[in-house]
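Asks: Here you go, one structure.
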Amino acid sequence: MSLSLYRRLSARNLLLAGVFGIAALAGSAHADDVLGQAVGKDLQQAQSALASKNYAKAMEAVDAADAVKGKTDYEAYTTAQMRAAIAAQSGNTDAAIKAYDVLINSSRTPKAAKGQMLMAQATMAYSAKQYARAIPATERYLKEYGADPRMQTMLIQCYYLQQDWKGTAKAAQEQVDATIKAGKVPAENQLQMLATAYTNLKDADAKTHAYVLLAKYYSKPDYWSMLIHDLVANPNLSPPLIFYVERLRLVTGVLKDPSDYQDMAERAVQMGLPQLALNLLNQGYANHSLGNGPTAAADAKFHAFVAQQAATSRSQLAAAATQAASAPNAGPALTAGYNQVLNGQVDEGLALMKTGLAKNPRYPDLAQVEYGMAQMDGGQKAEAIKTFESVSGNGPARDVAELWSLLLSRPAK
């Protein structure tokens, strides 16, 4: 990851060039804050050497000041200030971080100055690729001084660059969630690191959701391709969700093979929705994916079978709806209502499906997705988007629903 984001956080910009500058940052001195002759002489030599960029000589002078016996608290504090300035300007990360620890933990340092020092500590350690040392300072800064996008991203990168995938996921997820909750758009690189972390943690559901967010906020072809691939490969995807993803592939132009259409139609029939299976097969014929070449005869035979199933279902619509209304569980109302929608009885069908949703479906998120699909198929696009957006939970049903919401919300070309 690039350090360009942190140029304004560079140690040189955050540190003081000499004793008097640091003292000014630290606030007004006490009346009895006076440097003794021995310490004062050494620190003056250190300041002169620092001004001429003779860092070795400057550090020798600071060491001499540190070696003076019986220093006052003020003298020790001022010596630490000078050590921090010399170490930072010379690129001695270890010495600078140690000196800052003294200053940050001193009651002499005002809160605002401590914040700058914590930021400098973290930035210096990060620049030196000492990511494990940058993390505590970054976390302390965020805890004591609140959210700062640069520091938040640096924290995620510290874990990421160490390949600490668990730490990366935790830090990135917290930041992404907070950003979305605040009504803002998460940074693309944070979402990318989140997806990479979950990939390495082999958390399929979380990885898929990270790509959902990438597709939602940064609609790039690579994100859509990866997302659909991951949804299809997700072992936690139930058969109905696989069917909804296949329909997603159809809408996005990915599904073209005749066998894909047959698989999709077979799933629709198994779900008790033969009319939907027939509609999908008809789409395959309309776009010339079916009815051509060596599979033409098999395509026609399967189409005839599905058409017969759809006709039978159509003749039983009224009876199925009546039975579903009094059934104790949700399944019959959801299926019968969806069939009504598919056969033109949109309002009646959706109303019946709502009664099914009120019967505590075994998988409520999945039932809600089905209701959204029925609204979509019934021409109620805006209502379908609202239904998909209302699907909650942490499972793949939420991801499939969110993806359909994204697709339906796309502006017409």
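Labeling convention for the structure tokens: chains A, B, ... as they appear, residues from 1 per chain, ligands from 1 in order of appearance.
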Name all residues at most 8 Å from A:Ala265 (count only C-alpha atoms; drop same-chain ones fewer than 4 positions away) and give them as a ChimeraX atom specification.

Replies: /A:261,269,274,276-278,280-281

Asks: Would you save the residues from that selection as a compact mmCIF listing (two decimals), in the first residue's frame, using N, CA and C atoms?

Replies:
```txt
# COMPACT_ATOMS: atom_id res chain seq x y z
N TYR A 261 -29.86 -23.27 -18.90
CA TYR A 261 -31.31 -23.00 -18.93
C TYR A 261 -32.09 -24.20 -18.39
N VAL A 269 -39.18 -25.80 -11.44
CA VAL A 269 -40.21 -26.84 -11.33
C VAL A 269 -40.17 -27.48 -9.94
N PRO A 274 -43.75 -24.04 -12.07
CA PRO A 274 -43.52 -24.42 -13.47
C PRO A 274 -43.75 -23.29 -14.46
N LEU A 276 -42.93 -20.20 -14.04
CA LEU A 276 -41.69 -19.44 -14.07
C LEU A 276 -40.64 -20.19 -14.89
N ALA A 277 -40.60 -21.52 -14.75
CA ALA A 277 -39.68 -22.33 -15.55
C ALA A 277 -39.96 -22.14 -17.04
N LEU A 278 -41.24 -22.13 -17.41
CA LEU A 278 -41.62 -21.95 -18.80
C LEU A 278 -41.22 -20.56 -19.29
N LEU A 280 -38.78 -18.74 -18.31
CA LEU A 280 -37.33 -18.67 -18.46
C LEU A 280 -36.87 -19.42 -19.71
N LEU A 281 -37.48 -20.57 -19.97
CA LEU A 281 -37.15 -21.30 -21.19
C LEU A 281 -37.52 -20.48 -22.43
```

Asks: Applying 12 Å and only C-alpha atoms, which residues near A:Ile385 remain after dropping the ones on its own chain fewer than 5 positions away? List them as a ChimeraX atom specification.

Replies: /A:368-369,371-376,379-380,390-391,401-410

Asks: Would you please work out which residue, of A:Met353, A:Ala137, A:Ala88, A:Ile156, is nearest to A:Asn189 when using only C-alpha atoms?

Replies: A:Ile156

Asks: With distances taken over only C-alpha atoms, which residue among A:Gly40, A:Gly91, A:Gly291, A:Gly167 lies nearest A:Thr72?

Replies: A:Gly40

Asks: For A:Glu348, please output as a list in words all residues within 12 Å (counting only C-alpha atoms; exclusion window: fewer than 3 positions along the same chain).

Replies: Leu317, Ala318, Ala321, Thr322, Ala325, Ala333, Leu334, Ala336, Gly337, Tyr338, Asn339, Gln340, Val341, Leu342, Asn343, Gly344, Gln345, Ala351, Leu352, Met353, Lys354, Thr355, Ala374, Gln375 and Gly378 of chain A

Asks: Write the residues you've just listed into a file as an mmCIF file, in the first residue's frame, and include N, CA, C and O atoms for each of them.

Replies:
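Okay, selection31.cif is ready:
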```
data_model
loop_
_atom_site.group_PDB
_atom_site.id
_atom_site.type_symbol
_atom_site.label_atom_id
_atom_site.label_comp_id
_atom_site.auth_asym_id
_atom_site.auth_seq_id
_atom_site.Cartn_x
_atom_site.Cartn_y
_atom_site.Cartn_z
ATOM 1 N N LEU A 317 -54.910 -23.293 -9.842
ATOM 2 C CA LEU A 317 -54.585 -22.092 -9.089
ATOM 3 C C LEU A 317 -55.560 -21.811 -7.961
ATOM 4 O O LEU A 317 -55.162 -21.560 -6.809
ATOM 5 N N ALA A 318 -56.834 -21.813 -8.272
ATOM 6 C CA ALA A 318 -57.847 -21.448 -7.281
ATOM 7 C C ALA A 318 -57.848 -22.421 -6.110
ATOM 8 O O ALA A 318 -57.893 -22.014 -4.943
ATOM 9 N N ALA A 321 -54.773 -21.970 -3.932
ATOM 10 C CA ALA A 321 -54.848 -20.761 -3.115
ATOM 11 C C ALA A 321 -55.754 -20.965 -1.914
ATOM 12 O O ALA A 321 -55.449 -20.526 -0.795
ATOM 13 N N THR A 322 -56.868 -21.637 -2.114
ATOM 14 C CA THR A 322 -57.802 -21.894 -1.012
ATOM 15 C C THR A 322 -57.159 -22.769 0.059
ATOM 16 O O THR A 322 -57.265 -22.499 1.261
ATOM 17 N N ALA A 325 -54.410 -20.865 2.074
ATOM 18 C CA ALA A 325 -54.879 -19.863 3.028
ATOM 19 C C ALA A 325 -55.119 -20.458 4.408
ATOM 20 O O ALA A 325 -54.925 -19.782 5.423
ATOM 21 N N ALA A 333 -48.671 -21.061 1.072
ATOM 22 C CA ALA A 333 -49.118 -19.714 0.700
ATOM 23 C C ALA A 333 -48.079 -19.012 -0.164
ATOM 24 O O ALA A 333 -48.414 -18.288 -1.109
ATOM 25 N N LEU A 334 -46.798 -19.215 0.153
ATOM 26 C CA LEU A 334 -45.744 -18.585 -0.637
ATOM 27 C C LEU A 334 -45.722 -19.129 -2.060
ATOM 28 O O LEU A 334 -45.621 -18.376 -3.034
ATOM 29 N N ALA A 336 -48.225 -20.965 -3.713
ATOM 30 C CA ALA A 336 -49.477 -20.713 -4.434
ATOM 31 C C ALA A 336 -49.597 -19.243 -4.818
ATOM 32 O O ALA A 336 -50.044 -18.908 -5.924
ATOM 33 N N GLY A 337 -49.185 -18.347 -3.898
ATOM 34 C CA GLY A 337 -49.258 -16.928 -4.207
ATOM 35 C C GLY A 337 -48.334 -16.539 -5.346
ATOM 36 O O GLY A 337 -48.696 -15.745 -6.220
ATOM 37 N N TYR A 338 -47.145 -17.112 -5.355
ATOM 38 C CA TYR A 338 -46.194 -16.822 -6.429
ATOM 39 C C TYR A 338 -46.761 -17.305 -7.769
ATOM 40 O O TYR A 338 -46.651 -16.613 -8.796
ATOM 41 N N ASN A 339 -47.398 -18.468 -7.769
ATOM 42 C CA ASN A 339 -47.988 -18.979 -9.006
ATOM 43 C C ASN A 339 -49.103 -18.070 -9.506
ATOM 44 O O ASN A 339 -49.267 -17.876 -10.716
ATOM 45 N N GLN A 340 -49.872 -17.501 -8.575
ATOM 46 C CA GLN A 340 -50.895 -16.554 -9.000
ATOM 47 C C GLN A 340 -50.258 -15.333 -9.675
ATOM 48 O O GLN A 340 -50.748 -14.862 -10.705
ATOM 49 N N VAL A 341 -49.192 -14.818 -9.076
ATOM 50 C CA VAL A 341 -48.497 -13.673 -9.658
ATOM 51 C C VAL A 341 -48.031 -13.995 -11.076
ATOM 52 O O VAL A 341 -48.203 -13.202 -12.011
ATOM 53 N N LEU A 342 -47.429 -15.179 -11.247
ATOM 54 C CA LEU A 342 -46.895 -15.583 -12.545
ATOM 55 C C LEU A 342 -47.981 -15.763 -13.597
ATOM 56 O O LEU A 342 -47.699 -15.710 -14.803
ATOM 57 N N ASN A 343 -49.206 -15.956 -13.147
ATOM 58 C CA ASN A 343 -50.324 -16.144 -14.080
ATOM 59 C C ASN A 343 -51.240 -14.925 -14.132
ATOM 60 O O ASN A 343 -52.422 -15.038 -14.469
ATOM 61 N N GLY A 344 -50.700 -13.768 -13.786
ATOM 62 C CA GLY A 344 -51.436 -12.526 -13.970
ATOM 63 C C GLY A 344 -52.261 -12.044 -12.799
ATOM 64 O O GLY A 344 -52.796 -10.935 -12.828
ATOM 65 N N GLN A 345 -52.386 -12.847 -11.768
ATOM 66 C CA GLN A 345 -53.171 -12.449 -10.594
ATOM 67 C C GLN A 345 -52.208 -11.839 -9.553
ATOM 68 O O GLN A 345 -51.995 -12.377 -8.474
ATOM 69 N N ALA A 351 -50.833 -10.807 -1.990
ATOM 70 C CA ALA A 351 -51.567 -10.799 -0.722
ATOM 71 C C ALA A 351 -51.495 -12.168 -0.051
ATOM 72 O O ALA A 351 -51.324 -12.269 1.179
ATOM 73 N N LEU A 352 -51.622 -13.229 -0.848
ATOM 74 C CA LEU A 352 -51.530 -14.577 -0.291
ATOM 75 C C LEU A 352 -50.118 -14.844 0.232
ATOM 76 O O LEU A 352 -49.943 -15.461 1.299
ATOM 77 N N MET A 353 -49.120 -14.381 -0.494
ATOM 78 C CA MET A 353 -47.751 -14.571 -0.027
ATOM 79 C C MET A 353 -47.508 -13.831 1.297
ATOM 80 O O MET A 353 -46.783 -14.314 2.172
ATOM 81 N N LYS A 354 -48.143 -12.680 1.466
ATOM 82 C CA LYS A 354 -48.005 -11.945 2.722
ATOM 83 C C LYS A 354 -48.574 -12.738 3.896
ATOM 84 O O LYS A 354 -48.026 -12.699 5.005
ATOM 85 N N THR A 355 -49.653 -13.447 3.652
ATOM 86 C CA THR A 355 -50.192 -14.289 4.733
ATOM 87 C C THR A 355 -49.200 -15.392 5.075
ATOM 88 O O THR A 355 -49.076 -15.797 6.234
ATOM 89 N N ALA A 374 -41.115 -12.356 -6.453
ATOM 90 C CA ALA A 374 -42.492 -12.353 -6.965
ATOM 91 C C ALA A 374 -42.939 -10.934 -7.300
ATOM 92 O O ALA A 374 -43.601 -10.702 -8.326
ATOM 93 N N GLN A 375 -42.589 -9.982 -6.446
ATOM 94 C CA GLN A 375 -42.922 -8.582 -6.752
ATOM 95 C C GLN A 375 -42.267 -8.153 -8.064
ATOM 96 O O GLN A 375 -42.890 -7.488 -8.895
ATOM 97 N N GLY A 378 -43.942 -9.653 -10.915
ATOM 98 C CA GLY A 378 -45.279 -9.069 -11.079
ATOM 99 C C GLY A 378 -45.247 -7.635 -11.554
ATOM 100 O O GLY A 378 -46.295 -6.985 -11.626
#
```

Asks: Using only C-alpha atoms, which protein or nucleic acid residues come within 12 Å of A:Ala147? Drop anything in the same chain fewer than 4 positions from it, and give the result as a PDB file with C-alpha atoms, in the first residue's frame.

Replies:
```
ATOM      1  CA  THR A 138      -2.643   4.090  16.156  1.00  0.00           C
ATOM      2  CA  GLU A 139      -5.210   2.297  18.291  1.00  0.00           C
ATOM      3  CA  ARG A 140      -4.530   4.571  21.247  1.00  0.00           C
ATOM      4  CA  TYR A 141      -4.907   7.637  19.049  1.00  0.00           C
ATOM      5  CA  LEU A 142      -8.255   6.429  17.670  1.00  0.00           C
ATOM      6  CA  LYS A 143      -9.483   5.559  21.149  1.00  0.00           C
ATOM      7  CA  MET A 151      -5.232   6.763  10.977  1.00  0.00           C
ATOM      8  CA  GLN A 152      -8.057   4.261  10.493  1.00  0.00           C
ATOM      9  CA  THR A 153      -6.740   3.232   7.093  1.00  0.00           C
ATOM     10  CA  LEU A 155      -4.370   0.674  11.189  1.00  0.00           C
ATOM     11  CA  GLU A 174     -15.420  -1.981  12.141  1.00  0.00           C
ATOM     12  CA  GLN A 175     -14.458   0.967   9.970  1.00  0.00           C
ATOM     13  CA  ALA A 178     -19.206   2.711  11.032  1.00  0.00           C
ATOM     14  CA  THR A 179     -18.883   4.506   7.695  1.00  0.00           C
TER      15      THR A 179
END
```

Asks: Could you name the residues that touch A:Glu60 at 10 Å or less, counting only C-alpha atoms, but leaving out those on the same chain fewer than 4 positions away, as a list of chain:residue names?

Replies: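 Using only C-alpha atoms, the neighbours found are A:Asp42, A:Gln45, A:Ala46, A:Ala49, A:Tyr55, A:Ala56, A:Ala64, A:Ala65, A:Asp66.
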
Asks: Now that the selection is made, can you save its residues with N, CA and C atoms as a PDB file, in the first residue's frame?

Replies:
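Wrote it out as again_5.pdb, contents follow:
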```pdb
ATOM      1  N   ASP A  42      24.627  21.122  27.529  1.00  0.00           N
ATOM      2  CA  ASP A  42      24.571  19.958  26.631  1.00  0.00           C
ATOM      3  C   ASP A  42      23.436  20.096  25.619  1.00  0.00           C
ATOM      4  N   GLN A  45      24.251  22.554  22.885  1.00  0.00           N
ATOM      5  CA  GLN A  45      25.148  21.938  21.900  1.00  0.00           C
ATOM      6  C   GLN A  45      24.345  20.996  20.983  1.00  0.00           C
ATOM      7  N   ALA A  46      23.403  20.260  21.601  1.00  0.00           N
ATOM      8  CA  ALA A  46      22.573  19.349  20.795  1.00  0.00           C
ATOM      9  C   ALA A  46      21.745  20.123  19.787  1.00  0.00           C
ATOM     10  N   ALA A  49      24.011  21.354  16.939  1.00  0.00           N
ATOM     11  CA  ALA A  49      24.380  20.247  16.050  1.00  0.00           C
ATOM     12  C   ALA A  49      23.188  19.814  15.199  1.00  0.00           C
ATOM     13  N   TYR A  55      23.689  14.842  13.172  1.00  0.00           N
ATOM     14  CA  TYR A  55      22.811  14.102  14.080  1.00  0.00           C
ATOM     15  C   TYR A  55      23.591  13.288  15.105  1.00  0.00           C
ATOM     16  N   ALA A  56      24.725  12.741  14.717  1.00  0.00           N
ATOM     17  CA  ALA A  56      25.514  11.946  15.650  1.00  0.00           C
ATOM     18  C   ALA A  56      26.006  12.813  16.811  1.00  0.00           C
ATOM     19  N   ALA A  64      24.756  13.056  26.862  1.00  0.00           N
ATOM     20  CA  ALA A  64      25.504  13.694  27.950  1.00  0.00           C
ATOM     21  C   ALA A  64      24.544  14.386  28.918  1.00  0.00           C
ATOM     22  N   ALA A  65      23.526  15.043  28.388  1.00  0.00           N
ATOM     23  CA  ALA A  65      22.540  15.698  29.241  1.00  0.00           C
ATOM     24  C   ALA A  65      21.774  14.660  30.063  1.00  0.00           C
ATOM     25  N   ASP A  66      21.471  13.540  29.417  1.00  0.00           N
ATOM     26  CA  ASP A  66      20.736  12.476  30.112  1.00  0.00           C
ATOM     27  C   ASP A  66      21.572  11.885  31.248  1.00  0.00           C
TER      28      ASP A  66
END
```

Asks: Report the distance between atom CA of A:Met264 and atom CA of A:Val245 in Å, rounded to one decimal place.

Replies: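 Going from atom CA of A:Met264 over to atom CA of A:Val245 covers 9.7 Å.
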